[in-house]
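Here is the structure we will look at, set down as structure tokens.
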Amino acid sequence: MTDAAPLSLCAREPRVPADRLVAEMVPPPRFDSVRFSTYIPDPNQPSQTEAVRVLEGFAAGLDGTADSGKRRLFGFGKAPKKAPAGPRGVYLDGGYGVGKTHLLASLWHATPAEPARKAFGTFVELTNLVGALGFQQTVRTLSGHRLLCIDEFELDDPGDTVLVSTLLGKLVDAGVALAATSNTLPGKLGEGRFAAADFMREIQGLSAHFRALRIDGEDYRHRGLPEAPPPYSDEQVTKAAYATEGASLDAFSTLLDHLARVHPSRYGALTDGITAVCLTGVRPVPDQSTALRLVVLADRLYDREVPVLASGLPFDQLFSEEMLNGGYRKKYFRAISRLTALARDAAKLANSR
């Protein structure tokens, strides 16, 4: 047992300055070391090799044109040189588990600019940034960037899609290059791949700025992953929390209430320094607003590879059948998948005590 009691997420109400929100728009830790060279194309899927070739060329072509775009936007400076021919954005179109995020993060790493001038985040993180900073401040903050990468562009929320499309239009005018992946529309969840036409339609006038790259292949995650461990007892979870330095311990229902008081843009800061999350009394989430907040927390924990040890119900019973059949079902399935993976990672905490 450790000398100190476990930490509590519910005792934290982080205040995150705007510059940190933007500075944290980088590939998550699990993608720190990925590069084009570490992406292993399937020899039976030539589109994968072609995607790497195109993206390497795209990264090499980002040679500072964002500066000239910014001069145009704010009305000063000499007339810029002619912009490079062709689209200033790429859209990675492929099914689940073909490595789109790996390639998107590799593009970020390969782009010849200092980290402060390129941004990487999910669609939800981008909308949270707008919520925290305001639309105009977000435009001003990101306009000086050379590249903006958006993972999992959401096509299931029309309001947010219009908001982000408008934002991207402003950034394109400022000379920012764009790259995106996207999720499926709700009615196409089982088709096994994303539809470039849907993405192009949803971003309306921006479609001319994107070149769609089709990435074929089988889901690499369907390779016999071990089953998630069953939930533990309250006593086991509590004992593991006390025995693990840097672990947090909270009642699940209390944590859900606390998340309503913390802006989702701060959920990353909420987990600062946490080595493991221990939860007692996991139960179905009561409503959709709560469920969507939990999805964001699950994403931040997964990005940071923080194991989750829990008692109560297994994570595949978090969301009601109505939720799993509704418009946000892909978010919920993603959260279940990620929390299950983190529960597998946490098994050693309970089993070693």
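Residue numbering restarts at 1 for every chain of the structure tokens, chains are lettered A, B, ... in their displayed order, and ligands are numbered from 1 as they appear.
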*Name all residues at most 7 Å from segment 136-151 of chain A (count only C-alpha atoms; drop same-chain ones fewer than 5 positions away) and give them as a PyMOL selection string.*
chain A and resi 64+66-67+70+101+104+117-123+130+167+170-171+174+176-182
How close does segment 273-342 of chain A get to segment 231-244 of chain A? List, as CSV, each residue of segment 273-342 of chain A within 12 Å, its nearest atom pair and the distance in Å to one decimal, counting only C-alpha atoms.
```
residue,atom,partner,partner_atom,distance
A:Ile274,CA,A:Thr244,CA,10.3
A:Thr275,CA,A:Thr244,CA,8.0
A:Ala276,CA,A:Thr244,CA,7.7
A:Val277,CA,A:Ala241,CA,8.0
A:Cys278,CA,A:Ala241,CA,6.2
A:Leu279,CA,A:Val237,CA,7.1
A:Thr280,CA,A:Asp234,CA,5.7
A:Gly281,CA,A:Asp234,CA,7.4
A:Val282,CA,A:Pro231,CA,8.8
A:Arg283,CA,A:Pro231,CA,11.2
A:Pro307,CA,A:Thr244,CA,11.4
A:Val308,CA,A:Val237,CA,9.9
A:Leu309,CA,A:Val237,CA,6.4
A:Ala310,CA,A:Pro231,CA,5.7
A:Ser311,CA,A:Tyr232,CA,4.7
A:Gly312,CA,A:Pro231,CA,6.1
A:Leu313,CA,A:Pro231,CA,6.5
A:Pro314,CA,A:Pro231,CA,5.7
A:Phe315,CA,A:Pro231,CA,8.5
A:Asp316,CA,A:Pro231,CA,11.0
A:Gln317,CA,A:Pro231,CA,11.4
A:Leu339,CA,A:Pro231,CA,12.0
A:Thr340,CA,A:Pro231,CA,10.5
```
May I have the residues from that selection written out with N, CA and C atoms, as a PDB file, in the first residue's frame?
```
ATOM      1  N   ILE A 274      -2.279  11.539 -13.582  1.00  0.00           N
ATOM      2  CA  ILE A 274      -2.995  10.331 -13.167  1.00  0.00           C
ATOM      3  C   ILE A 274      -2.382   9.114 -13.848  1.00  0.00           C
ATOM      4  N   THR A 275      -2.013   8.116 -13.070  1.00  0.00           N
ATOM      5  CA  THR A 275      -1.408   6.901 -13.637  1.00  0.00           C
ATOM      6  C   THR A 275      -2.434   5.796 -13.869  1.00  0.00           C
ATOM      7  N   ALA A 276      -3.558   5.856 -13.180  1.00  0.00           N
ATOM      8  CA  ALA A 276      -4.631   4.874 -13.356  1.00  0.00           C
ATOM      9  C   ALA A 276      -5.912   5.475 -12.809  1.00  0.00           C
ATOM     10  N   VAL A 277      -7.040   5.173 -13.432  1.00  0.00           N
ATOM     11  CA  VAL A 277      -8.344   5.630 -12.975  1.00  0.00           C
ATOM     12  C   VAL A 277      -9.086   4.428 -12.396  1.00  0.00           C
ATOM     13  N   CYS A 278      -9.479   4.523 -11.138  1.00  0.00           N
ATOM     14  CA  CYS A 278     -10.219   3.456 -10.456  1.00  0.00           C
ATOM     15  C   CYS A 278     -11.630   3.953 -10.166  1.00  0.00           C
ATOM     16  N   LEU A 279     -12.618   3.190 -10.597  1.00  0.00           N
ATOM     17  CA  LEU A 279     -14.009   3.597 -10.483  1.00  0.00           C
ATOM     18  C   LEU A 279     -14.809   2.507  -9.792  1.00  0.00           C
ATOM     19  N   THR A 280     -15.660   2.898  -8.862  1.00  0.00           N
ATOM     20  CA  THR A 280     -16.557   1.944  -8.210  1.00  0.00           C
ATOM     21  C   THR A 280     -17.989   2.199  -8.656  1.00  0.00           C
ATOM     22  N   GLY A 281     -18.735   1.114  -8.767  1.00  0.00           N
ATOM     23  CA  GLY A 281     -20.166   1.238  -9.039  1.00  0.00           C
ATOM     24  C   GLY A 281     -20.511   1.695 -10.447  1.00  0.00           C
ATOM     25  N   VAL A 282     -19.810   1.198 -11.456  1.00  0.00           N
ATOM     26  CA  VAL A 282     -20.163   1.547 -12.835  1.00  0.00           C
ATOM     27  C   VAL A 282     -21.584   1.080 -13.128  1.00  0.00           C
ATOM     28  N   ARG A 283     -22.366   1.962 -13.730  1.00  0.00           N
ATOM     29  CA  ARG A 283     -23.767   1.673 -14.063  1.00  0.00           C
ATOM     30  C   ARG A 283     -24.098   2.353 -15.377  1.00  0.00           C
ATOM     31  N   PRO A 307      -4.822   3.387 -17.729  1.00  0.00           N
ATOM     32  CA  PRO A 307      -5.672   2.214 -17.482  1.00  0.00           C
ATOM     33  C   PRO A 307      -6.856   2.561 -16.587  1.00  0.00           C
ATOM     34  N   VAL A 308      -7.952   1.827 -16.767  1.00  0.00           N
ATOM     35  CA  VAL A 308      -9.183   2.069 -16.002  1.00  0.00           C
ATOM     36  C   VAL A 308      -9.604   0.758 -15.343  1.00  0.00           C
ATOM     37  N   LEU A 309      -9.636   0.758 -14.014  1.00  0.00           N
ATOM     38  CA  LEU A 309     -10.055  -0.404 -13.232  1.00  0.00           C
ATOM     39  C   LEU A 309     -11.407  -0.091 -12.610  1.00  0.00           C
ATOM     40  N   ALA A 310     -12.379  -0.972 -12.779  1.00  0.00           N
ATOM     41  CA  ALA A 310     -13.739  -0.619 -12.375  1.00  0.00           C
ATOM     42  C   ALA A 310     -14.472  -1.790 -11.743  1.00  0.00           C
ATOM     43  N   SER A 311     -15.424  -1.436 -10.875  1.00  0.00           N
ATOM     44  CA  SER A 311     -16.391  -2.395 -10.343  1.00  0.00           C
ATOM     45  C   SER A 311     -17.769  -2.007 -10.870  1.00  0.00           C
ATOM     46  N   GLY A 312     -18.730  -2.895 -10.677  1.00  0.00           N
ATOM     47  CA  GLY A 312     -20.075  -2.614 -11.170  1.00  0.00           C
ATOM     48  C   GLY A 312     -20.353  -3.364 -12.453  1.00  0.00           C
ATOM     49  N   LEU A 313     -20.996  -2.711 -13.400  1.00  0.00           N
ATOM     50  CA  LEU A 313     -21.329  -3.346 -14.670  1.00  0.00           C
ATOM     51  C   LEU A 313     -20.151  -3.261 -15.646  1.00  0.00           C
ATOM     52  N   PRO A 314     -20.047  -4.221 -16.564  1.00  0.00           N
ATOM     53  CA  PRO A 314     -19.016  -4.116 -17.600  1.00  0.00           C
ATOM     54  C   PRO A 314     -19.297  -2.939 -18.525  1.00  0.00           C
ATOM     55  N   PHE A 315     -18.241  -2.474 -19.194  1.00  0.00           N
ATOM     56  CA  PHE A 315     -18.370  -1.249 -19.986  1.00  0.00           C
ATOM     57  C   PHE A 315     -19.307  -1.402 -21.187  1.00  0.00           C
ATOM     58  N   ASP A 316     -19.552  -2.618 -21.644  1.00  0.00           N
ATOM     59  CA  ASP A 316     -20.461  -2.762 -22.787  1.00  0.00           C
ATOM     60  C   ASP A 316     -21.922  -2.590 -22.385  1.00  0.00           C
ATOM     61  N   GLN A 317     -22.175  -2.323 -21.089  1.00  0.00           N
ATOM     62  CA  GLN A 317     -23.533  -2.041 -20.629  1.00  0.00           C
ATOM     63  C   GLN A 317     -23.717  -0.593 -20.192  1.00  0.00           C
ATOM     64  N   LEU A 339     -12.658   2.063 -23.608  1.00  0.00           N
ATOM     65  CA  LEU A 339     -12.672   1.760 -22.183  1.00  0.00           C
ATOM     66  C   LEU A 339     -12.377   0.283 -21.932  1.00  0.00           C
ATOM     67  N   THR A 340     -12.843  -0.577 -22.823  1.00  0.00           N
ATOM     68  CA  THR A 340     -12.535  -2.003 -22.709  1.00  0.00           C
ATOM     69  C   THR A 340     -11.041  -2.244 -22.851  1.00  0.00           C
TER      70      THR A 340
END
```
*Write down as a PyMOL selection string the residues belonging to segment 89-306 of chain A that are assigned strand (DSSP E or B) by DSSP computed on the backbone.*
chain A and resi 89-94+118-122+147-153+177-182+210-215+232+247-251+276-282
*List the neighbours of Glu125 of chain A out to 12 Å using only C-alpha atoms; skip same-chain residues closer than 6 positions along the sequence, and give me the result as a ChimeraX atom specification.*
/A:21-22,24-28,119,131-132,149-154,160,164,263-268,295-297,299-300
*Based on DSSP run over this structure's backbone, return all residues of segment 75-172 of chain A in helix (DSSP H, G or I), as a VMD selection string.*
chain A and resid 100 to 110 115 to 117 123 to 133 135 to 142 158 to 172
